[in-house]
>>> print(open('final10.txt').read())   # compact mmCIF, C-alpha atoms
# COMPACT_ATOMS: atom_id res chain seq x y z
CA MET A 1 103.02 109.64 102.40
CA ILE A 2 100.98 112.76 103.05
CA PHE A 3 102.48 116.19 102.42
CA THR A 4 101.32 119.07 104.60
CA GLY A 5 102.47 122.54 105.53
CA THR A 6 103.35 125.88 103.95
CA TYR A 7 106.96 126.90 103.33
CA GLU A 8 108.23 130.22 101.98
CA HIS A 9 111.26 129.87 99.72
CA SER A 10 112.97 131.44 96.73
CA ILE A 11 113.92 130.18 93.29
CA ASP A 12 117.50 131.19 92.54
CA ALA A 13 118.96 132.53 89.27
CA LYS A 14 119.75 128.95 88.13
CA ASN A 15 116.08 127.91 88.64
CA ARG A 16 116.94 125.90 91.75
CA LEU A 17 114.52 125.55 94.61
CA ALA A 18 115.43 124.17 98.03
CA ILE A 19 112.98 121.55 99.23
CA PRO A 20 112.33 122.06 102.96
CA ALA A 21 113.93 119.36 105.14
CA GLU A 22 110.55 118.34 106.56
CA LEU A 23 109.29 117.50 103.06
CA ARG A 24 112.62 116.14 101.86
CA ASP A 25 112.71 113.61 104.69
CA GLN A 26 109.46 112.15 103.40
CA LEU A 27 110.87 111.76 99.89
CA HIS A 28 113.94 109.63 100.58
CA SER A 29 113.74 106.16 99.14
CA PRO A 30 116.65 103.95 98.17
CA ASP A 31 117.24 103.56 94.45
CA PRO A 32 117.09 99.81 93.62
CA GLY A 33 120.50 98.43 92.74
CA THR A 34 122.52 101.22 94.39
CA SER A 35 123.64 102.08 97.86
CA LEU A 36 122.89 105.77 97.32
CA GLU A 37 119.55 107.38 97.85
CA THR A 38 118.20 109.05 94.74
CA VAL A 39 115.15 111.22 95.06
CA LEU A 40 113.23 111.68 91.84
CA LEU A 41 110.27 113.99 91.42
CA TYR A 42 108.01 114.73 88.50
CA ALA A 43 107.50 118.44 87.83
CA THR A 44 104.34 119.31 85.96
CA LEU A 45 101.83 122.09 85.53
CA GLY A 46 99.02 122.41 88.02
CA GLU A 47 95.73 124.23 87.78
CA GLY A 48 96.28 127.92 87.16
CA GLN A 49 99.75 129.34 87.61
CA VAL A 50 101.03 126.47 89.73
CA LEU A 51 103.88 124.01 89.43
CA CYS A 52 103.44 120.58 91.00
CA LEU A 53 106.08 118.17 92.26
CA TYR A 54 105.04 114.53 92.54
CA PRO A 55 107.15 111.79 94.09
CA GLN A 56 107.82 109.06 91.54
CA ASP A 57 105.39 106.54 93.07
CA ALA A 58 102.55 109.09 93.34
CA PHE A 59 103.01 110.18 89.71
CA GLU A 60 103.06 106.58 88.53
CA ARG A 61 99.82 105.94 90.48
CA ARG A 62 98.21 108.97 88.81
CA ALA A 63 99.32 107.73 85.39
CA ALA A 64 97.87 104.27 86.08
CA GLU A 65 94.57 105.82 87.24
CA LEU A 66 94.14 107.30 83.76
CA ASP A 67 93.47 103.78 82.47
CA ARG A 68 90.19 103.92 84.43
CA SER A 69 89.26 107.43 83.35
CA GLU A 70 85.69 108.19 82.38
CA LEU A 71 86.82 110.73 79.79
CA ASP A 72 86.03 110.14 76.14
CA ALA A 73 88.98 108.36 74.44
CA ASP A 74 89.85 111.41 72.33
CA GLN A 75 89.70 113.75 75.36
CA LEU A 76 91.86 111.35 77.36
CA LEU A 77 94.44 111.15 74.58
CA GLU A 78 94.66 114.96 74.39
CA TYR A 79 94.96 115.17 78.18
CA GLU A 80 97.71 112.55 78.23
CA ARG A 81 99.57 114.30 75.42
CA LEU A 82 99.58 117.54 77.38
CA LEU A 83 100.27 116.03 80.78
CA PHE A 84 103.17 113.82 79.79
CA SER A 85 104.73 116.23 77.30
CA LEU A 86 104.69 119.05 79.89
CA THR A 87 106.10 116.87 82.68
CA ARG A 88 109.81 116.60 83.49
CA ARG A 89 111.61 114.26 85.82
CA VAL A 90 113.86 116.18 88.23
CA GLU A 91 116.30 114.96 90.83
CA VAL A 92 116.87 116.36 94.30
CA ASP A 93 120.58 117.23 94.58
CA LYS A 94 122.80 116.68 97.64
CA GLN A 95 121.91 120.14 98.96
CA GLY A 96 118.19 119.28 98.83
CA ARG A 97 117.43 121.42 95.78
CA VAL A 98 115.67 120.73 92.50
CA ARG A 99 116.34 122.55 89.26
CA LEU A 100 112.95 123.55 87.93
CA PRO A 101 112.52 123.30 84.16
CA GLU A 102 112.63 126.76 82.58
CA GLN A 103 109.79 125.86 80.21
CA LEU A 104 107.48 125.13 83.15
CA LEU A 105 108.53 128.24 85.04
CA LYS A 106 107.69 130.37 82.01
CA ARG A 107 104.28 128.72 81.62
CA THR A 108 103.41 129.35 85.28
CA GLY A 109 104.84 132.86 85.46
CA LEU A 110 106.50 132.05 88.79
CA GLY A 111 109.06 134.56 89.99
CA SER A 112 111.66 134.07 92.67
CA ASP A 113 109.40 134.47 95.74
CA VAL A 114 107.37 131.29 96.07
CA VAL A 115 105.58 129.19 98.61
CA LEU A 116 105.59 125.40 98.69
CA ILE A 117 102.46 123.80 100.04
CA GLY A 118 101.86 120.17 100.89
CA VAL A 119 98.74 118.88 99.15
CA LYS A 120 98.26 115.29 100.25
CA ASP A 121 100.20 113.31 97.60
CA HIS A 122 102.18 116.15 96.02
CA ILE A 123 103.83 119.52 96.61
CA GLU A 124 102.59 122.65 94.88
CA ILE A 125 104.69 125.73 94.15
CA HIS A 126 102.74 129.00 94.07
CA ASP A 127 103.70 132.63 93.71
CA ARG A 128 103.98 133.77 97.33
CA GLN A 129 101.75 136.85 97.09
CA ARG A 130 99.10 135.14 94.94
CA TRP A 131 98.94 132.28 97.45
CA GLN A 132 98.57 134.63 100.43
CA ASP A 133 95.85 136.57 98.60
CA ARG A 134 94.05 133.33 97.71
CA VAL A 135 94.08 132.04 101.30
CA GLU A 136 92.73 135.37 102.62
CA ARG A 137 90.02 135.49 99.93
CA LEU A 138 88.91 131.87 100.50
CA LEU A 139 88.76 132.25 104.27
CA ALA A 140 86.76 135.50 103.94
CA GLU A 141 84.35 134.26 101.25
CA GLN A 142 84.00 130.65 102.42
CA PRO A 143 84.68 130.43 106.15
CA GLN A 144 83.07 126.96 106.19
CA ILE A 145 85.73 125.62 103.81
CA LEU A 146 87.71 124.30 106.77
CA MET A 147 84.82 122.16 107.91
CA ASN A 148 85.11 119.33 110.33
CA PRO A 149 87.00 116.64 108.36
CA ARG A 150 84.32 114.09 109.17
CA ARG A 151 81.87 116.11 107.08
CA ALA A 152 84.24 116.09 104.13
CA MET A 153 84.38 112.31 104.04
CA ARG A 154 82.20 110.60 101.48
CA ARG A 155 79.22 108.89 102.93
CA GLN A 156 79.02 105.20 102.16
CA PRO A 157 75.67 103.82 100.93
CA GLY A 158 73.59 102.79 103.91
CA SER A 159 75.76 104.68 106.40
CA VAL A 160 74.25 106.95 109.00
CA SER A 161 75.01 110.65 108.59
CA PRO A 162 76.98 112.12 111.50
CA PRO A 163 75.06 114.59 113.64
CA GLN A 164 75.54 118.24 112.71
CA GLU A 165 77.74 120.22 115.10
>>> encode(input="final10.txt", output="structure tokens")
Amino acid sequence: MIFTGTYEHSIDAKNRLAIPAELRDQLHSPDPGTSLETVLLYATLGEGQVLCLYPQDAFERRAAELDRSELDADQLLEYERLLFSLTRRVEVDKQGRVRLPEQLLKRTGLGSDVVLIGVKDHIEIHDRQRWQDRVERLLAEQPQILMNPRRAMRRQPGSVSPPQE
């Protein structure tokens, strides 16, 4: 599952956010032992003033990857304490909305006008204006950032470098 796209939405007074249908369709997976489809997400802090939503399987993969971390054991323990204590499991309701935890909204400073962006294995929620400003700044300062994807791929040992375009 790869999330892509940019979607402008609003967080309502009850901290609910509608997940766009295009993204929601990718999230549906039957809950074992039931005939209903339950969509669970993990809401956690991202880098900066960002809230991240991970599908259950992607969050579980990330958690398992920590077992192979190269961080010092004490650093890893502190990271895990923060990550897991600041993460909440949220459910997508029948109207396709999630109720975002107030604690996380306060920590990110998100207001009602937000943008959801697909970022490969998760969805990020940014303040709409900050996101637009960031995109404009990055494209102006680093026009090469949207390089040919083949250049972004890691080169394998012994592989031949692709010709420069």
>>> atom_distance(input="final10.txt", atom1="atom CA of Lys120 of chain A", atom2="atom CA of Leu66 of chain A")
18.8 Å
>>> closest_residue(input="final10.txt", among="A:Gly48, A:Gly111, A:Gly96, A:Pro55", to="Leu27 of chain A", atoms="only C-alpha atoms")
A:Pro55
>>> atom_distance(input="final10.txt", atom1="atom CA of Arg89 of chain A", atom2="atom CA of Asp67 of chain A")
21.2 Å
>>> residues_around(input="final10.txt", residues="segment 60-65 of chain A", least_positions_apart="3", cutoff="12 Å", atoms="all atoms listed in the file", output="PyMOL selection string")
chain A and resi 40-42+54-57+68-71+76+79-81+83-84+87+89+121-122
>>> closest_atom_pairs(input="final10.txt", of="segment 77-131 of chain A", to="segment 18-21 of chain A", cutoff="12 Å", atoms="all atoms listed in the file", output="tab-separated table")
residue	atom	partner	partner_atom	distance
A:Glu91	CA	A:Ile19	CA	11.2
A:Val92	CA	A:Ile19	CA	8.1
A:Asp93	CA	A:Ala18	CA	9.3
A:Lys94	CA	A:Ala18	CA	10.5
A:Gln95	CA	A:Ala18	CA	7.7
A:Gly96	CA	A:Ala18	CA	5.7
A:Arg97	CA	A:Ala18	CA	4.1
A:Val98	CA	A:Ala18	CA	6.5
A:Arg99	CA	A:Ala18	CA	9.0
A:Leu100	CA	A:Ala18	CA	10.4
A:Ser112	CA	A:Ala18	CA	11.9
A:Val114	CA	A:Ala18	CA	10.9
A:Val115	CA	A:Ile19	CA	10.7
A:Leu116	CA	A:Ile19	CA	8.4
A:Ile117	CA	A:Pro20	CA	10.4
A:Gly118	CA	A:Pro20	CA	10.8
A:Ile123	CA	A:Ile19	CA	9.7
A:Glu124	CA	A:Ile19	CA	11.3
A:Ile125	CA	A:Ile19	CA	10.6
>>> closest_residue(input="final10.txt", among="A:Leu17, A:Leu110, A:Ala73, A:Ile2", to="Gln49 of chain A", atoms="all atoms listed in the file")
A:Leu110
>>> residues_around(input="final10.txt", residues="Arg88 of chain A", least_positions_apart="4", cutoff="8 Å", atoms="all atoms listed in the file", output="list of chain:residue names")
A:Tyr42, A:Ala43, A:Thr44, A:Pro101
>>> atom_distance(input="final10.txt", atom1="atom CA of Val50 of chain A", atom2="atom CA of Gln75 of chain A")
22.3 Å
>>> closest_residue(input="final10.txt", among="A:Asp25, A:Leu86, A:Met1, A:Gly109", to="Ala58 of chain A", atoms="all atoms listed in the file")
A:Met1
>>> closest_residue(input="final10.txt", among="A:Leu77, A:Met147, A:Leu105, A:Leu23", to="Leu45 of chain A", atoms="all atoms listed in the file")
A:Leu105
